[in-house]
2 protein chains.
Amino acid sequence: MTKSKVLVAQGGGPTAVINESLVGTILTSREFEDTEAVYGAFHGVRGIVNEDFIDLTGESAENLENVAKTPCSALGSTRDKPDRKYCQDICKVLKAHGIGTFFYIGGNDSSDTLRILAAEAVNADYPLRCIHIPKTIDNDLTVNDHTPGYPSAAKFVASAFAGVNLDNRALKGVYVGVVMGRHAGFLTAAAALGRKYDDGPHLIYLPERDFSIDGFIADVRAAQNKYGRCVIAVSEGIHDDSGELIATKLAQEVESDAHGNVQLSGTGALADLLCAAIREGTGQKRVRGDTFGYLQRSFLGCVSDVDQKEAREVGVAAARFAHEGDKDGTVTIHRTGSGASYAAEYKLSRLEDVAGKTKVMADEFIAANGHDVTGAFVDYLKPLLGSGMAETYRLEAEKVEKILGK
Amino acid sequence: MTKSKVLVAQGGGPTAVINESLVGTILTSREFEDTEAVYGAFHGVRGIVNEDFIDLTGESAENLENVAKTPCSALGSTRDKPDRKYCQDICKVLKAHGIGTFFYIGGNDSSDTLRILAAEAVNADYPLRCIHIPKTIDNDLTVNDHTPGYPSAAKFVASAFAGVNLDNRALKGVYVGVVMGRHAGFLTAAAALGRKYDDGPHLIYLPERDFSIDGFIADVRAAQNKYGRCVIAVSEGIHDDSGELIATKLAQEVESDAHGNVQLSGTGALADLLCAAIREGTGQKRVRGDTFGYLQRSFLGCVSDVDQKEAREVGVAAARFAHEGDKDGTVTIHRTGSGASYAAEYKLSRLEDVAGKTKVMADEFIAANGHDVTGAFVDYLKPLLGSGMAETYRLEAEKVEKILGK
């Protein structure tokens with residue numbers, strides 16, 4: 001038996017359950033006798049070229065289990081997108097350290113890195129097994145039914161909207177919540193899962209549909225007339241019919257403003273600009289906007305137990321596919337049951353079927369009016385949120401008859 | 001025995017546990033034989049002058065318990081601050097409906113309303129018992145050790161910072177989180193409870209101390225040098241030594257910007273302006289800012305169980321004080337033990353000792369450097385957060401020696 005080392009790293013934006021995948025991969029890899037050692041690279045591929053490794057072979061299972069429950073990439077992450085040259089450098093380092101298998105936990109960029117790296121390893125005649133482990137709160141990986149990290153972020157967004165709905169009902173007005181997801185609207189759409197009674201979000205705007213300011217103002221007016229208030233979920237990636245981001249467009253209308261240089265996350269610009277547009281377009285005075293920002297992917301203590309379980313399982317599956325098979329690939333999640341009998345299974349798919357590709361919401365998930373989701377989407381997301389999603393209630397008592405009758 | 005009706009209403013900003021107080025008051029009042037009926041007014045004092053009442057005498061205990069666990073004022077709220085004339089109108093309506101006791105759940109404005117109203121009732125020779133029930137996420141009521149609603153909001157802020165800390169550790173840079181609290185820094189200070197290891201917030205800015213942009217930039221530089229990253233908690237109410245809000249000041253430096261009209265909550269302006277100042281002052285590129293906004297007071301599923309219990313108990317205590325005593329007043333919370341033996345008791349204090357007054361953080365809670373909290377503050381807040389605050393963990397493995405040695 002030839003022993004070789006295993007390396008694991010994390011790339012792209014952190015999620016609440018990404019360390020479950022990490023720990024699943026480490027613990028399962030350690031079970032195999034031909035695993036000489038399990039290394040972790042700090043800050044993804046950047047840590048590989050810098051030889052910034054730790055030896056996880058002896059890390060206690062107890063601490064690993066604690067880390068698994070801790071949100072955000074325990075090994076650190078990177079936004080580096082390696083080209084061929086970068087991948088050749090990675091190959092040199094992996095070879096020098098005797099790495100036989102590389103697990104990269106990440107989204108579509110990370111899977112694309114593995115696709116390039118796997119080809120470079122073949123070119124260099126270096127026997128390297130490359131396995132991609134999916135994660136992204138954007139839920140935008142092709143082939144997958146959904147991706148680890150999304151359900152927990154979705155639970156955060158649904159819980160946040162359930163709360164601001166109640167807040168908006170207590171002190172009426174218009175509320176805009178801006179949610180992450182530049183190209184895919186899955187996370188914004190999750191706002192619908194916080195609904196009960198006639199609660200909002202009364203309007204949901206996704207990047208899968210063109211956004212028009214005039215149409216938006218008309219929608220807000222109509223919702224205001226119907227509900228006496230209005231709660232709105234907006235994706236940070238909304239754009240007009242020419243593809244121009246609304247954040248850019250509105251910022252340009254405000255001369256020399258602080259947000260000239262549009263950056264979608266980590267700024268409240270889009271929410272503020274939409275609020276200004278609502279004030280101007282409807283005359284409504286109490287208009288408030290929040291940008292959910294980094295809270296939605298990192299919040300401590302808002303995790304879907306289904307997500308947690310699946311994130312662990314894709315890590316375990318990755319280690320097994322690497323050990324038992326002879327193919328590079330990406331672990332993909334496939335739904336095998338719906339509603340109460342929801343279940344998932346894992347396959348090893350081809351890297352090129354996922355690498356660098358982006359999945360957006362299917363038409364059947366988006367309401368015909370363009371500013372809501374369908375029941376099919378609610379059915380899709382509900383089982384992923386897992387247990388422990390609190391429910392909201394209202395008082396049911398009858399009105400008292402007026403005496404002074406004003 | 002003279003029977004009379006009891007009325008309860010909610011004023012000011014909602015909290016996560018305000019309905020526990022509502023339900024405590026309703027259920028306890030219903031136990032007394034001389035309670036003819038329990039009414040609720042929609043949208044606080046506004047609902048009283050509009051005779052917008054519901055009869056809660058027969059509301060099922062089961063639904064009340066469900067409502068108690070639902071965040072945000074179930075009866076709706078108001079920002080109205082009644083003057084004498086408004087209170088005379090309230091008196092007329094209360095008299096017409098035979099209300100003998102009025103419970104108002106709210107902050108310092110609501111207690112001030114009760115103070116004026118109680119005086120008007122005496123003037124009008126109308127026997128009305130006025131009891132104020134405390135709530136506010138700002139934790140700024142005098143006499144009280146702390147106020148219901150604050151611990152749950154504090155748990156949200158601590159959990160959020162614990163998460164963004166880990167996020168910032170994974171993808172380094174500078175992070176600014178803006179927290180509610182215009183005059184009192186208690187909620188911003190709660191960010192410190194999310195700390196572990198060398199985690200942030202590395203800097204905490206409170207409205208109790210003057211803020212200087214130059215000092216701020218120097219602090220950020222120093223933290224960057226020390227930690228290689230920097231997480232910052234900022235109160236929305238920070239101001240310079242002349243008392244001018246930093247949000248206003250920075251907005252003025254940006255010519256004709258979208259935020260000319262400064263509004264603290266429901267806008268990302270302060271976070272964005274501070275981020276721009278950091279970029280300019282430190283040269284750091286990855287600078288991100290979030291404004292926690294309405295999420296921190298309404299989020300579904302982030303509640304302190306101690307807060308929940310105490311919010312119920314102040315409602316119960318209010319009903320008992322009204323029934324057993326012969327004085328108007330405000331229910332106040334007093335700490336009777338510290339650390340693991342933390343406990344609280346409730347007293348009826350004079351309305352004028354709380355009404356319209358604002359408590360800010362004591363000097364002993366603020367670090368000498370002006371941008372951190374003390375251990376005394378951590379000891380003060382910790383028992384209020386209750387059980388179930390998740391802990392974070394890091395990998396402990398040793399570094400692997402470099403081979404290529406770059």
# chains A, B, ... in the order shown; residues from 1 in each chain; ligands from 1
>>> residues_around(residues="Gly13 in chain B", least_positions_apart="4", cutoff="9 Å", atoms="only C-alpha atoms", output="list in words")
Asp167, Ala170 and Leu171 of chain A; Cys72, Ser73, Ser77, Thr78, Arg79, Gly106, Gly107, Lys135, Thr136, Ile137 and Arg297 of chain B
>>> interface_residues(of="chain A", to="chain B", cutoff="6 Å", atoms="only C-alpha atoms", output="tab-separated table (two decimals) with N, CA and C atoms, in the first residue's frame")
chain	number	residue	atom	x	y	z
A	51	GLU	N	3.08	27.72	1.19
A	51	GLU	CA	3.40	26.57	2.08
A	51	GLU	C	2.92	26.84	3.50
A	53	PHE	N	0.88	25.52	5.85
A	53	PHE	CA	0.12	24.31	6.20
A	53	PHE	C	0.12	24.05	7.70
A	54	ILE	N	-0.97	23.40	8.18
A	54	ILE	CA	-0.92	22.80	9.52
A	54	ILE	C	-1.19	21.31	9.37
A	55	ASP	N	-0.69	20.55	10.32
A	55	ASP	CA	-0.84	19.09	10.28
A	55	ASP	C	-2.01	18.69	11.17
A	56	LEU	N	-3.10	18.31	10.55
A	56	LEU	CA	-4.34	18.01	11.28
A	56	LEU	C	-4.47	16.53	11.63
A	59	GLU	N	-4.99	16.34	15.37
A	59	GLU	CA	-5.95	17.28	15.99
A	59	GLU	C	-7.05	16.45	16.68
A	66	ASN	N	-15.91	20.69	17.95
A	66	ASN	CA	-16.21	22.07	18.35
A	66	ASN	C	-16.04	23.03	17.18
A	67	VAL	N	-14.96	22.82	16.42
A	67	VAL	CA	-14.72	23.67	15.24
A	67	VAL	C	-15.83	23.48	14.22
A	70	THR	N	-18.57	25.77	14.72
A	70	THR	CA	-18.20	27.19	14.66
A	70	THR	C	-18.36	27.71	13.23
A	72	CYS	N	-17.87	30.03	9.76
A	72	CYS	CA	-16.77	30.66	9.01
A	72	CYS	C	-15.49	29.83	8.96
A	73	SER	N	-14.98	29.73	7.74
A	73	SER	CA	-13.78	28.97	7.40
A	73	SER	C	-12.69	28.99	8.47
A	76	GLY	N	-9.35	29.78	7.27
A	76	GLY	CA	-9.22	31.04	6.54
A	76	GLY	C	-9.57	30.82	5.08
A	77	SER	N	-9.78	31.91	4.35
A	77	SER	CA	-10.21	31.78	2.97
A	77	SER	C	-9.42	32.73	2.07
A	159	SER	N	-35.75	34.41	9.15
A	159	SER	CA	-35.95	34.84	10.54
A	159	SER	C	-35.90	36.36	10.65
A	160	ALA	N	-34.98	36.96	9.92
A	160	ALA	CA	-34.85	38.41	9.93
A	160	ALA	C	-36.13	39.06	9.38
A	163	GLY	N	-39.07	38.86	11.68
A	163	GLY	CA	-38.95	39.87	12.72
A	163	GLY	C	-39.27	41.26	12.23
A	164	VAL	N	-38.68	41.68	11.11
A	164	VAL	CA	-38.92	43.06	10.65
A	164	VAL	C	-40.36	43.22	10.17
A	166	LEU	N	-42.91	41.97	11.77
A	166	LEU	CA	-43.63	42.27	13.01
A	166	LEU	C	-43.33	43.69	13.46
A	167	ASP	N	-42.08	44.09	13.29
A	167	ASP	CA	-41.66	45.44	13.65
A	167	ASP	C	-42.42	46.46	12.79
A	170	ALA	N	-45.92	46.84	13.86
A	170	ALA	CA	-46.06	47.61	15.10
A	170	ALA	C	-45.92	49.11	14.84
A	171	LEU	N	-44.96	49.47	14.02
A	171	LEU	CA	-44.72	50.88	13.67
A	171	LEU	C	-44.72	50.98	12.15
A	257	ASP	N	-21.93	61.54	-5.15
A	257	ASP	CA	-22.28	61.04	-3.83
A	257	ASP	C	-21.21	60.09	-3.30
A	266	GLY	N	-21.23	45.07	2.12
A	266	GLY	CA	-20.46	45.88	3.04
A	266	GLY	C	-20.73	47.35	2.85
A	267	THR	N	-21.85	47.68	2.25
A	267	THR	CA	-22.28	49.08	2.15
A	267	THR	C	-23.80	49.13	2.16
A	268	GLY	N	-24.33	50.22	2.66
A	268	GLY	CA	-25.77	50.36	2.74
A	268	GLY	C	-26.34	51.17	1.59
A	272	ASP	N	-30.29	52.54	0.91
A	272	ASP	CA	-30.51	53.98	1.13
A	272	ASP	C	-31.06	54.64	-0.14
A	288	ARG	N	-37.61	52.86	5.88
A	288	ARG	CA	-36.38	52.41	6.51
A	288	ARG	C	-35.74	51.31	5.67
A	289	GLY	N	-34.43	51.32	5.62
A	289	GLY	CA	-33.74	50.28	4.85
A	289	GLY	C	-32.61	49.66	5.65
A	290	ASP	N	-32.50	48.35	5.57
A	290	ASP	CA	-31.36	47.65	6.17
A	290	ASP	C	-30.66	46.83	5.10
A	293	GLY	N	-25.94	42.42	4.93
A	293	GLY	CA	-24.48	42.33	4.96
A	293	GLY	C	-23.92	41.00	5.43
A	295	LEU	N	-23.84	39.68	8.32
A	295	LEU	CA	-24.56	38.95	9.34
A	295	LEU	C	-25.20	37.68	8.79
A	298	SER	N	-22.63	34.69	8.58
A	298	SER	CA	-21.71	34.41	9.68
A	298	SER	C	-22.37	34.32	11.04
A	299	PHE	N	-23.61	34.69	11.15
A	299	PHE	CA	-24.25	34.84	12.45
A	299	PHE	C	-24.10	33.58	13.31
A	300	LEU	N	-23.68	33.81	14.54
A	300	LEU	CA	-23.47	32.69	15.47
A	300	LEU	C	-24.81	32.27	16.05
A	392	THR	N	-44.66	32.74	14.40
A	392	THR	CA	-45.17	33.97	14.98
A	392	THR	C	-46.69	33.89	15.14
A	393	TYR	N	-47.20	34.61	16.13
A	393	TYR	CA	-48.64	34.58	16.41
A	393	TYR	C	-49.18	35.98	16.65
A	394	ARG	N	-50.48	36.12	16.43
A	394	ARG	CA	-51.16	37.39	16.68
A	394	ARG	C	-52.26	37.23	17.71
A	397	ALA	N	-58.37	38.54	19.78
A	397	ALA	CA	-59.55	39.10	20.45
A	397	ALA	C	-60.37	40.01	19.53
A	398	GLU	N	-61.63	40.16	19.92
A	398	GLU	CA	-62.56	41.01	19.17
A	398	GLU	C	-62.36	42.48	19.51
A	399	LYS	N	-62.73	43.32	18.57
A	399	LYS	CA	-62.67	44.77	18.81
A	399	LYS	C	-63.73	45.18	19.83
A	400	VAL	N	-63.42	46.19	20.59
A	400	VAL	CA	-64.38	46.77	21.53
A	400	VAL	C	-65.15	47.88	20.79
A	402	LYS	N	-66.82	51.31	19.95
A	402	LYS	CA	-66.49	52.67	20.37
A	402	LYS	C	-67.64	53.29	21.14
>>> residues_around(residues="range 140-146 of chain B", least_positions_apart="6", cutoff="9 Å", atoms="only C-alpha atoms", output="list in words")
Gly107, Asn108, Pro134, His183, Ala184, Gly185, Phe186, Val331, Thr332, Ile333, His334, Arg335, Ala344, Ser349, Asp353, Val354, Ala355, Gly356, Lys357, Thr358, Lys359, Val360, Met361 and Leu384 of chain B
>>> select_by_dssp(residues="range 191-382 of chain A", states="strand (DSSP E or B)", output="count of residues only")
34
>>> residues_around(residues="Ala368 in chain B", least_positions_apart="6", cutoff="12 Å", atoms="only C-alpha atoms", output="list in words")
Arg209, Thr374 and Gly375 of chain B
>>> write_last_selection(atoms="C-alpha atoms", output="compact mmCIF listing (two decimals), in the first residue's frame")
# COMPACT_ATOMS: atom_id res chain seq x y z
CA ARG B 209 -17.17 59.41 24.91
CA THR B 374 -14.10 46.92 31.09
CA GLY B 375 -14.31 43.52 32.75
>>> atom_distance(atom1="CA of Arg221 in chain B", atom2="CA of Ala362 in chain B")
28.0 Å
>>> closest_residue(among="B:Ala318, B:Ser110, B:Ile246, B:Arg129", to="Pro82 in chain B", atoms="only C-alpha atoms")
B:Ser110
>>> select_by_dssp(residues="range 120-295 of chain B", states="alpha helix (DSSP H)", output="count of residues only")
67
